[in-house]
$ cat model.tsv   # TSV, C-alpha atoms
chain	number	residue	atom	x	y	z
E	1	PRO	CA	7.50	-1.14	-16.80
E	2	ASP	CA	7.49	2.62	-16.26
E	3	ASN	CA	7.88	2.13	-12.53
E	4	ALA	CA	10.79	-0.26	-13.10
E	5	VAL	CA	12.51	2.32	-15.32
E	6	ASN	CA	11.91	5.06	-12.76
E	7	ASP	CA	13.28	2.90	-9.92
E	8	THR	CA	16.37	2.06	-11.99
E	9	LEU	CA	16.95	5.72	-12.85
E	10	ILE	CA	16.51	6.82	-9.24
E	11	GLY	CA	18.95	4.12	-8.12
E	12	GLN	CA	21.53	5.37	-10.62
E	13	LEU	CA	21.04	8.97	-9.48
E	14	GLN	CA	21.41	7.94	-5.84
E	15	GLU	CA	24.62	6.06	-6.59
E	16	THR	CA	26.06	9.00	-8.53
E	17	ALA	CA	25.06	11.50	-5.86
E	18	LEU	CA	26.63	9.39	-3.09
E	19	LYS	CA	29.86	9.06	-5.04
E	20	ARG	CA	30.04	12.81	-5.56
E	21	PHE	CA	29.06	13.52	-1.97
E	22	ARG	CA	31.96	11.41	-0.69
E	23	ASP	CA	34.50	13.28	-2.83
E	24	ALA	CA	36.49	15.19	-0.21
E	25	LYS	CA	37.97	17.40	-2.92
E	26	LEU	CA	34.61	19.04	-3.61
E	27	PRO	CA	33.91	22.37	-1.86
E	28	VAL	CA	31.84	21.94	1.28
E	29	GLN	CA	28.96	23.99	-0.13
E	30	ASP	CA	28.75	21.71	-3.17
E	31	ARG	CA	28.65	18.64	-0.96
E	32	VAL	CA	25.88	20.20	1.13
E	33	GLY	CA	23.83	20.78	-2.02
E	34	ILE	CA	24.40	17.19	-3.18
E	35	GLY	CA	23.39	15.93	0.25
E	36	GLN	CA	20.13	17.88	0.09
E	37	ALA	CA	19.41	16.52	-3.40
E	38	LEU	CA	20.07	13.02	-2.09
E	39	GLY	CA	17.46	13.61	0.60
E	40	HIS	CA	14.84	14.37	-2.06
E	41	LEU	CA	15.84	11.33	-4.11
E	42	GLY	CA	15.74	9.05	-1.08
E	43	ASP	CA	18.97	8.67	0.89
E	44	PRO	CA	19.92	4.95	0.80
E	45	ARG	CA	22.08	5.36	3.90
E	46	LEU	CA	19.04	5.96	6.09
E	47	GLY	CA	16.84	3.48	7.89
E	48	MET	CA	17.30	2.31	11.48
E	49	GLU	CA	17.23	-1.32	10.25
E	50	GLN	CA	20.60	-0.91	8.51
E	51	GLU	CA	23.50	-2.32	10.47
E	52	ASP	CA	25.79	0.41	9.16
E	53	ARG	CA	23.49	2.93	10.88
E	54	TRP	CA	24.84	1.81	14.28
E	55	LEU	CA	28.09	1.67	16.24
E	56	PRO	CA	28.84	-0.93	18.94
E	57	LEU	CA	29.98	0.36	22.34
E	58	PRO	CA	31.60	-2.54	24.20
E	59	ALA	CA	31.45	-2.96	27.97
E	60	GLY	CA	34.33	-1.31	29.81
E	61	THR	CA	35.51	1.82	31.60
E	62	PHE	CA	36.06	5.24	30.06
E	63	GLN	CA	36.81	8.76	31.27
E	64	MET	CA	33.92	11.26	31.23
E	65	GLY	CA	33.66	14.90	32.20
E	66	THR	CA	35.78	18.03	32.17
E	67	ALA	CA	38.27	19.64	34.50
E	68	LYS	CA	37.58	23.14	33.13
E	69	PRO	CA	33.84	23.87	32.97
E	70	GLY	CA	32.65	27.08	31.34
E	71	LYS	CA	31.49	30.09	33.33
E	72	ARG	CA	27.78	29.28	32.82
E	73	ILE	CA	27.06	25.73	33.80
E	74	GLU	CA	23.88	24.17	35.15
E	75	GLU	CA	24.12	22.62	38.63
E	76	TRP	CA	22.96	19.21	37.40
E	77	PHE	CA	25.59	19.25	34.66
E	78	HIS	CA	28.28	20.23	37.14
E	79	GLU	CA	27.40	17.29	39.39
E	80	LYS	CA	27.64	14.79	36.53
E	81	MET	CA	30.50	16.21	34.48
E	82	VAL	CA	32.99	17.80	36.89
E	83	PRO	CA	35.68	16.64	37.44
E	84	VAL	CA	36.85	14.04	34.93
E	85	HIS	CA	35.91	10.65	36.35
E	86	PRO	CA	35.74	7.01	35.29
E	87	VAL	CA	32.41	5.53	34.17
E	88	THR	CA	31.90	1.81	33.68
E	89	LEU	CA	29.52	0.22	31.19
E	90	THR	CA	28.70	-3.20	32.60
E	91	ASN	CA	26.91	-4.19	29.40
E	92	GLY	CA	27.80	-3.26	25.86
E	93	LEU	CA	25.30	-1.33	23.77
E	94	TRP	CA	24.67	-0.01	20.26
E	95	MET	CA	24.47	3.70	19.49
E	96	ALA	CA	23.16	5.34	16.33
E	97	LYS	CA	26.06	6.52	14.16
E	98	TYR	CA	24.19	9.66	13.03
E	99	PRO	CA	21.44	11.85	14.56
E	100	ILE	CA	17.89	10.69	13.85
E	101	THR	CA	16.72	12.31	10.61
E	102	ASN	CA	13.39	13.80	9.59
E	103	GLN	CA	12.82	10.79	7.33
E	104	GLU	CA	13.31	8.40	10.26
E	105	PHE	CA	11.13	10.43	12.62
E	106	ALA	CA	8.25	10.78	10.15
E	107	PRO	CA	6.77	7.25	10.59
E	108	PHE	CA	6.41	7.92	14.33
E	109	ILE	CA	4.05	10.79	13.51
E	110	GLU	CA	2.28	8.92	10.70
E	111	GLU	CA	1.58	5.94	12.95
E	112	GLY	CA	0.04	8.13	15.65
E	113	GLY	CA	2.99	8.39	18.01
E	114	TYR	CA	1.76	11.65	19.50
E	115	GLU	CA	-1.64	10.07	20.25
E	116	THR	CA	-0.35	6.82	21.82
E	117	GLU	CA	-0.19	7.17	25.60
E	118	ALA	CA	1.86	4.00	26.13
E	119	LEU	CA	4.85	5.60	24.39
E	120	TRP	CA	5.05	8.59	26.71
E	121	HIS	CA	6.34	9.31	30.19
E	122	PRO	CA	3.32	10.13	32.42
E	123	GLU	CA	4.46	13.74	32.90
E	124	ALA	CA	4.91	14.13	29.15
E	125	TRP	CA	1.47	12.70	28.42
E	126	ASP	CA	-0.08	15.21	30.85
E	127	TRP	CA	1.90	17.96	29.12
E	128	LEU	CA	0.63	16.93	25.68
E	129	ARG	CA	-3.00	17.04	26.84
E	130	LEU	CA	-2.92	20.62	28.19
E	131	ASP	CA	-5.42	23.06	26.71
E	132	ARG	CA	-4.30	26.61	25.88
E	133	ALA	CA	-5.22	28.13	29.26
E	134	GLN	CA	-3.43	25.32	31.08
E	135	GLN	CA	-0.41	25.77	28.82
E	136	GLU	CA	-0.18	29.46	29.75
E	137	ALA	CA	-0.46	28.67	33.46
E	138	TRP	CA	2.13	25.91	33.17
E	139	PHE	CA	4.58	28.25	31.44
E	140	GLU	CA	4.14	30.88	34.17
E	141	VAL	CA	4.99	28.28	36.82
E	142	LEU	CA	8.03	27.26	34.79
E	143	GLN	CA	9.21	30.88	34.57
E	144	LYS	CA	8.88	31.34	38.34
E	145	ARG	CA	10.82	28.14	38.94
E	146	ASP	CA	13.63	29.13	36.57
E	147	GLY	CA	14.27	32.86	36.34
E	148	THR	CA	16.35	32.49	33.16
E	149	ILE	CA	13.36	31.50	31.00
E	150	GLN	CA	12.25	34.44	28.85
E	151	GLU	CA	8.75	35.20	27.56
E	152	ASP	CA	9.74	34.85	23.90
E	153	TRP	CA	10.85	31.27	24.60
E	154	LYS	CA	7.25	30.24	25.23
E	155	GLU	CA	6.68	28.70	21.80
E	156	PHE	CA	9.53	26.26	22.42
E	157	PHE	CA	8.05	24.97	25.70
E	158	LEU	CA	4.40	24.53	24.76
E	159	PRO	CA	3.21	21.09	23.61
E	160	GLU	CA	2.89	20.25	19.94
E	161	THR	CA	1.99	17.15	17.94
E	162	GLU	CA	5.00	17.34	15.65
E	163	PRO	CA	8.54	18.74	15.89
E	164	HIS	CA	8.58	22.51	16.31
E	165	TRP	CA	10.13	23.19	12.87
E	166	TRP	CA	8.48	20.26	11.09
E	167	ARG	CA	6.85	22.49	8.44
E	168	ASP	CA	9.84	24.79	8.04
E	169	GLY	CA	11.35	24.53	4.56
E	170	LYS	CA	14.90	24.81	5.85
E	171	PHE	CA	14.78	22.41	8.80
E	172	GLY	CA	11.59	20.35	8.49
E	173	LEU	CA	10.35	17.30	6.64
E	174	ARG	CA	11.21	18.69	3.19
E	175	GLN	CA	14.86	18.16	4.17
E	176	ARG	CA	14.40	14.45	4.71
E	177	ASN	CA	17.98	13.46	5.48
E	178	GLN	CA	18.70	16.30	7.90
E	179	PRO	CA	18.58	15.73	11.67
E	180	VAL	CA	15.14	16.19	13.21
E	181	VAL	CA	15.16	19.37	15.32
E	182	GLY	CA	12.67	21.11	17.58
E	183	ILE	CA	11.92	18.10	19.80
E	184	ASN	CA	12.50	17.66	23.52
E	185	TRP	CA	13.70	14.77	25.65
E	186	TYR	CA	10.18	13.39	26.10
E	187	GLU	CA	9.60	13.27	22.34
E	188	ALA	CA	12.94	11.56	21.79
E	189	GLN	CA	12.08	8.99	24.47
E	190	ALA	CA	8.65	8.33	22.92
E	191	TRP	CA	10.28	7.82	19.51
E	192	CYS	CA	12.70	5.27	20.99
E	193	ARG	CA	9.82	3.35	22.56
E	194	TRP	CA	7.93	3.45	19.27
E	195	LEU	CA	10.92	2.02	17.39
E	196	THR	CA	11.42	-0.72	19.99
E	197	ASN	CA	7.74	-1.69	19.75
E	198	ARG	CA	7.94	-1.70	15.98
E	199	TRP	CA	10.90	-4.07	16.02
E	200	HIS	CA	9.11	-6.35	18.48
E	201	ARG	CA	6.10	-6.37	16.16
E	202	GLU	CA	8.00	-6.66	12.88
E	203	ALA	CA	11.37	-8.24	13.55
E	204	THR	CA	12.22	-8.16	9.83
E	205	LEU	CA	12.58	-4.37	10.11
E	206	ALA	CA	15.22	-4.64	12.85
E	207	PRO	CA	19.00	-4.58	12.24
E	208	PRO	CA	20.78	-7.95	12.20
E	209	TRP	CA	22.23	-7.59	15.69
E	210	TRP	CA	18.85	-6.87	17.33
E	211	THR	CA	17.15	-9.58	19.37
E	212	ALA	CA	13.61	-9.72	20.77
E	213	ASP	CA	14.80	-9.51	24.39
E	214	MET	CA	16.32	-6.06	23.82
E	215	GLN	CA	14.48	-3.02	25.16

$ encode --input "model.tsv" --output "structure tokens"
Amino acid sequence: PDNAVNDTLIGQLQETALKRFRDAKLPVQDRVGIGQALGHLGDPRLGMEQEDRWLPLPAGTFQMGTAKPGKRIEEWFHEKMVPVHPVTLTNGLWMAKYPITNQEFAPFIEEGGYETEALWHPEAWDWLRLDRAQQEAWFEVLQKRDGTIQEDWKEFFLPETEPHWWRDGKFGLRQRNQPVVGINWYEAQAWCRWLTNRWHREATLAPPWWTADMQ
């Protein structure tokens, strides 16, 4: 009975917080505070299984790129983004409506995502397994390859088994409905593979539009 009362009370608090959060007349700072409180209560908007968490992108052609790149622009970016050019999606796809949150990234860690080789690109798996001496040597090679990388950036390049700011009170898990930060492309890719595998294994957790032949 106590649990039922607590669940009912939490549900009422969530509903009230969401209603207040959506009030555009409230000052931005107040809405930020309400959003943070909602994260502690359990944000009902979250969960990759919710259809409202996704946006459909239909097949078709769209314009991508820029005609006026900034002064500092990486060569690879320049090749892909300059000038404006048409890109065609031959198949439609679904894209997450919001960035992946700490709450949605947490199960990946809890289920051993950083220890599961099958989820990782081979280069990333080698990177994760480096010992400290190998990490230092690897960073030196990286610095020589790219002269813009500074020594005090080292902590952001060395392998970890959780997001870089995961234990930070401002950005980490305590802020459950904030975007996960401090991860790289390899970690994002491993998370996507983990989620796909989870949906294959437990189709009831997948959104309604998902089918078992999707990758």

$ residues_around --input "model.tsv" --residues "Asn91 of chain E" --least-positions-apart "4" --cutoff "8 Å" --atoms "all atoms listed in the file" --output "list in words"
Pro58, Ala59 and Gly60 of chain E

$ residues_near_point --input "model.tsv" --point "(19.6, 4.0, 11.0)" --cutoff "8 Å" --atoms "only C-alpha atoms" --output "list in words"
Arg45, Leu46, Gly47, Met48, Glu49, Gln50, Glu51, Asp52, Arg53, Trp54, Ala96, Lys97, Tyr98, Ile100 and Glu104 of chain E

$ closest_atom_pairs --input "model.tsv" --of "segment 11-46 of chain E" --to "segment 172-187 of chain E" --cutoff "10 Å" --atoms "only C-alpha atoms" --output "JSON lines"
{"residue": "E:Gly35", "atom": "CA", "partner": "E:Asn177", "partner_atom": "CA", "distance": 7.9}
{"residue": "E:Gln36", "atom": "CA", "partner": "E:Gln175", "partner_atom": "CA", "distance": 6.7}
{"residue": "E:Ala37", "atom": "CA", "partner": "E:Gln175", "partner_atom": "CA", "distance": 9.0}
{"residue": "E:Leu38", "atom": "CA", "partner": "E:Asn177", "partner_atom": "CA", "distance": 7.9}
{"residue": "E:Gly39", "atom": "CA", "partner": "E:Asn177", "partner_atom": "CA", "distance": 4.9}
{"residue": "E:His40", "atom": "CA", "partner": "E:Arg176", "partner_atom": "CA", "distance": 6.8}
{"residue": "E:Leu41", "atom": "CA", "partner": "E:Arg176", "partner_atom": "CA", "distance": 9.5}
{"residue": "E:Gly42", "atom": "CA", "partner": "E:Arg176", "partner_atom": "CA", "distance": 8.0}
{"residue": "E:Asp43", "atom": "CA", "partner": "E:Asn177", "partner_atom": "CA", "distance": 6.7}
{"residue": "E:Pro44", "atom": "CA", "partner": "E:Asn177", "partner_atom": "CA", "distance": 9.9}
{"residue": "E:Arg45", "atom": "CA", "partner": "E:Asn177", "partner_atom": "CA", "distance": 9.2}
{"residue": "E:Leu46", "atom": "CA", "partner": "E:Asn177", "partner_atom": "CA", "distance": 7.6}

$ closest_residue --input "model.tsv" --among "E:Phe62, E:Phe157, E:Trp165, E:Phe108" --to "Arg198 of chain E" --atoms "all atoms listed in the file"
E:Phe108

$ residues_around --input "model.tsv" --residues "Glu162 of chain E" --least-positions-apart "3" --cutoff "8 Å" --atoms "all atoms listed in the file" --output "list in words"
Ile109, Tyr114 and Trp166 of chain E

$ atom_distance --input "model.tsv" --atom1 "atom CA of Asp146 of chain E" --atom2 "atom CA of Asp126 of chain E"
20.4 Å

$ closest_residue --input "model.tsv" --among "E:Phe171, E:Glu115, E:Arg20, E:Arg132" --to "Glu155 of chain E" --atoms "only C-alpha atoms"
E:Arg132

$ atom_distance --input "model.tsv" --atom1 "atom CA of Gly33 of chain E" --atom2 "atom CA of Leu18 of chain E"
11.8 Å

$ residues_near_point --input "model.tsv" --point "(8.9, 6.5, 19.0)" --cutoff "10 Å" --atoms "only C-alpha atoms" --output "ChimeraX atom specification"
/E:104-109,111-114,116,119-120,186-198

$ write_last_selection --input "model.tsv" --atoms "C-alpha atoms" --output "compact mmCIF listing (two decimals), in the frame of the given file"
# COMPACT_ATOMS: atom_id res chain seq x y z
CA GLU E 104 13.31 8.40 10.26
CA PHE E 105 11.13 10.43 12.62
CA ALA E 106 8.25 10.78 10.15
CA PRO E 107 6.77 7.25 10.59
CA PHE E 108 6.41 7.92 14.33
CA ILE E 109 4.05 10.79 13.51
CA GLU E 111 1.58 5.94 12.95
CA GLY E 112 0.04 8.13 15.65
CA GLY E 113 2.99 8.39 18.01
CA TYR E 114 1.76 11.65 19.50
CA THR E 116 -0.35 6.82 21.82
CA LEU E 119 4.85 5.60 24.39
CA TRP E 120 5.05 8.59 26.71
CA TYR E 186 10.18 13.39 26.10
CA GLU E 187 9.60 13.27 22.34
CA ALA E 188 12.94 11.56 21.79
CA GLN E 189 12.08 8.99 24.47
CA ALA E 190 8.65 8.33 22.92
CA TRP E 191 10.28 7.82 19.51
CA CYS E 192 12.70 5.27 20.99
CA ARG E 193 9.82 3.35 22.56
CA TRP E 194 7.93 3.45 19.27
CA LEU E 195 10.92 2.02 17.39
CA THR E 196 11.42 -0.72 19.99
CA ASN E 197 7.74 -1.69 19.75
CA ARG E 198 7.94 -1.70 15.98

$ closest_residue --input "model.tsv" --among "E:Glu160, E:Glu110, E:Asp168, E:Asp30" --to "Trp127 of chain E" --atoms "all atoms listed in the file"
E:Glu160

$ closest_residue --input "model.tsv" --among "E:Trp94, E:Phe156, E:Trp210, E:Trp199" --to "Gln135 of chain E" --atoms "all atoms listed in the file"
E:Phe156

$ residues_around --input "model.tsv" --residues "Gln63 of chain E" --least-positions-apart "3" --cutoff "7 Å" --atoms "all atoms listed in the file" --output "list in words"
Val84, His85, Pro86 and Val87 of chain E

$ write_last_selection --input "model.tsv" --atoms "C-alpha atoms" --output "compact mmCIF listing (two decimals), in the coordinates of the input"
# COMPACT_ATOMS: atom_id res chain seq x y z
CA VAL E 84 36.85 14.04 34.93
CA HIS E 85 35.91 10.65 36.35
CA PRO E 86 35.74 7.01 35.29
CA VAL E 87 32.41 5.53 34.17

$ atom_distance --input "model.tsv" --atom1 "atom CA of Gly92 of chain E" --atom2 "atom CA of Pro208 of chain E"
16.1 Å

$ decode --input "model.tsv" --residues "segment 33-69 of chain E" --atoms "N, CA and C atoms" --output "tab-separated table (two decimals), in the first residue's frame"
chain	number	residue	atom	x	y	z
E	33	GLY	N	15.08	24.90	-13.59
E	33	GLY	CA	14.99	24.29	-12.27
E	33	GLY	C	13.93	23.20	-12.21
E	34	ILE	N	12.78	23.46	-12.84
E	34	ILE	CA	11.71	22.46	-12.86
E	34	ILE	C	12.16	21.23	-13.65
E	35	GLY	N	12.86	21.47	-14.74
E	35	GLY	CA	13.36	20.35	-15.54
E	35	GLY	C	14.33	19.48	-14.75
E	36	GLN	N	15.19	20.10	-13.97
E	36	GLN	CA	16.12	19.34	-13.14
E	36	GLN	C	15.39	18.54	-12.07
E	37	ALA	N	14.37	19.15	-11.47
E	37	ALA	CA	13.56	18.44	-10.47
E	37	ALA	C	12.85	17.25	-11.10
E	38	LEU	N	12.38	17.44	-12.33
E	38	LEU	CA	11.71	16.35	-13.04
E	38	LEU	C	12.66	15.19	-13.28
E	39	GLY	N	13.93	15.51	-13.53
E	39	GLY	CA	14.92	14.45	-13.70
E	39	GLY	C	15.07	13.60	-12.46
E	40	HIS	N	15.02	14.22	-11.29
E	40	HIS	CA	15.14	13.48	-10.03
E	40	HIS	C	13.88	12.66	-9.74
E	41	LEU	N	12.73	13.19	-10.15
E	41	LEU	CA	11.48	12.47	-9.93
E	41	LEU	C	11.36	11.26	-10.86
E	42	GLY	N	11.98	11.39	-12.03
E	42	GLY	CA	11.81	10.40	-13.09
E	42	GLY	C	11.04	11.05	-14.22
E	43	ASP	N	11.75	11.42	-15.28
E	43	ASP	CA	11.14	12.17	-16.38
E	43	ASP	C	10.34	11.21	-17.27
E	44	PRO	N	9.00	11.32	-17.29
E	44	PRO	CA	8.19	10.37	-18.06
E	44	PRO	C	8.35	10.50	-19.57
E	45	ARG	N	9.01	11.56	-20.03
E	45	ARG	CA	9.21	11.73	-21.47
E	45	ARG	C	10.31	10.83	-22.00
E	46	LEU	N	11.16	10.32	-21.08
E	46	LEU	CA	12.35	9.59	-21.51
E	46	LEU	C	12.06	8.11	-21.70
E	47	GLY	N	12.98	7.47	-22.43
E	47	GLY	CA	12.84	6.06	-22.73
E	47	GLY	C	12.83	5.87	-24.23
E	48	MET	N	13.82	5.18	-24.77
E	48	MET	CA	13.94	5.05	-26.22
E	48	MET	C	12.80	4.24	-26.82
E	49	GLU	N	12.02	3.55	-25.97
E	49	GLU	CA	10.89	2.75	-26.46
E	49	GLU	C	9.67	3.60	-26.79
E	50	GLN	N	9.68	4.87	-26.37
E	50	GLN	CA	8.51	5.72	-26.59
E	50	GLN	C	8.51	6.28	-28.01
E	51	GLU	N	7.40	6.12	-28.69
E	51	GLU	CA	7.32	6.57	-30.07
E	51	GLU	C	7.54	8.07	-30.19
E	52	ASP	N	7.08	8.81	-29.17
E	52	ASP	CA	7.23	10.26	-29.21
E	52	ASP	C	8.69	10.70	-29.05
E	53	ARG	N	9.56	9.74	-28.73
E	53	ARG	CA	10.99	10.04	-28.58
E	53	ARG	C	11.69	10.15	-29.93
E	54	TRP	N	10.98	9.83	-31.03
E	54	TRP	CA	11.59	9.73	-32.35
E	54	TRP	C	10.88	10.61	-33.37
E	55	LEU	N	11.61	10.95	-34.43
E	55	LEU	CA	11.05	11.69	-35.56
E	55	LEU	C	11.34	10.91	-36.85
E	56	PRO	N	10.33	10.75	-37.71
E	56	PRO	CA	10.57	10.06	-38.98
E	56	PRO	C	11.23	11.00	-39.99
E	57	LEU	N	12.21	10.50	-40.72
E	57	LEU	CA	12.83	11.23	-41.82
E	57	LEU	C	12.54	10.45	-43.09
E	58	PRO	N	11.62	10.92	-43.91
E	58	PRO	CA	11.24	10.16	-45.10
E	58	PRO	C	12.34	10.19	-46.16
E	59	ALA	N	12.28	9.21	-47.06
E	59	ALA	CA	13.22	9.19	-48.18
E	59	ALA	C	13.01	10.44	-49.03
E	60	GLY	N	14.08	10.92	-49.66
E	60	GLY	CA	13.98	12.10	-50.50
E	60	GLY	C	15.30	12.84	-50.59
E	61	THR	N	15.28	13.98	-51.21
E	61	THR	CA	16.49	14.78	-51.43
E	61	THR	C	16.39	16.09	-50.65
E	62	PHE	N	17.51	16.46	-50.02
E	62	PHE	CA	17.56	17.72	-49.29
E	62	PHE	C	18.90	18.40	-49.55
E	63	GLN	N	18.98	19.68	-49.21
E	63	GLN	CA	20.20	20.45	-49.41
E	63	GLN	C	21.04	20.43	-48.13
E	64	MET	N	22.32	20.10	-48.26
E	64	MET	CA	23.21	20.05	-47.10
E	64	MET	C	24.47	20.86	-47.38
E	65	GLY	N	25.01	21.46	-46.34
E	65	GLY	CA	26.28	22.16	-46.48
E	65	GLY	C	26.15	23.66	-46.29
E	66	THR	N	27.23	24.36	-46.58
E	66	THR	CA	27.28	25.81	-46.42
E	66	THR	C	28.12	26.43	-47.53
E	67	ALA	N	27.72	27.62	-47.93
E	67	ALA	CA	28.48	28.34	-48.95
E	67	ALA	C	29.51	29.26	-48.33
E	68	LYS	N	29.41	29.48	-47.00
E	68	LYS	CA	30.31	30.41	-46.31
E	68	LYS	C	30.90	29.75	-45.07
E	69	PRO	N	31.89	28.87	-45.26
E	69	PRO	CA	32.50	28.22	-44.09
E	69	PRO	C	33.29	29.21	-43.25
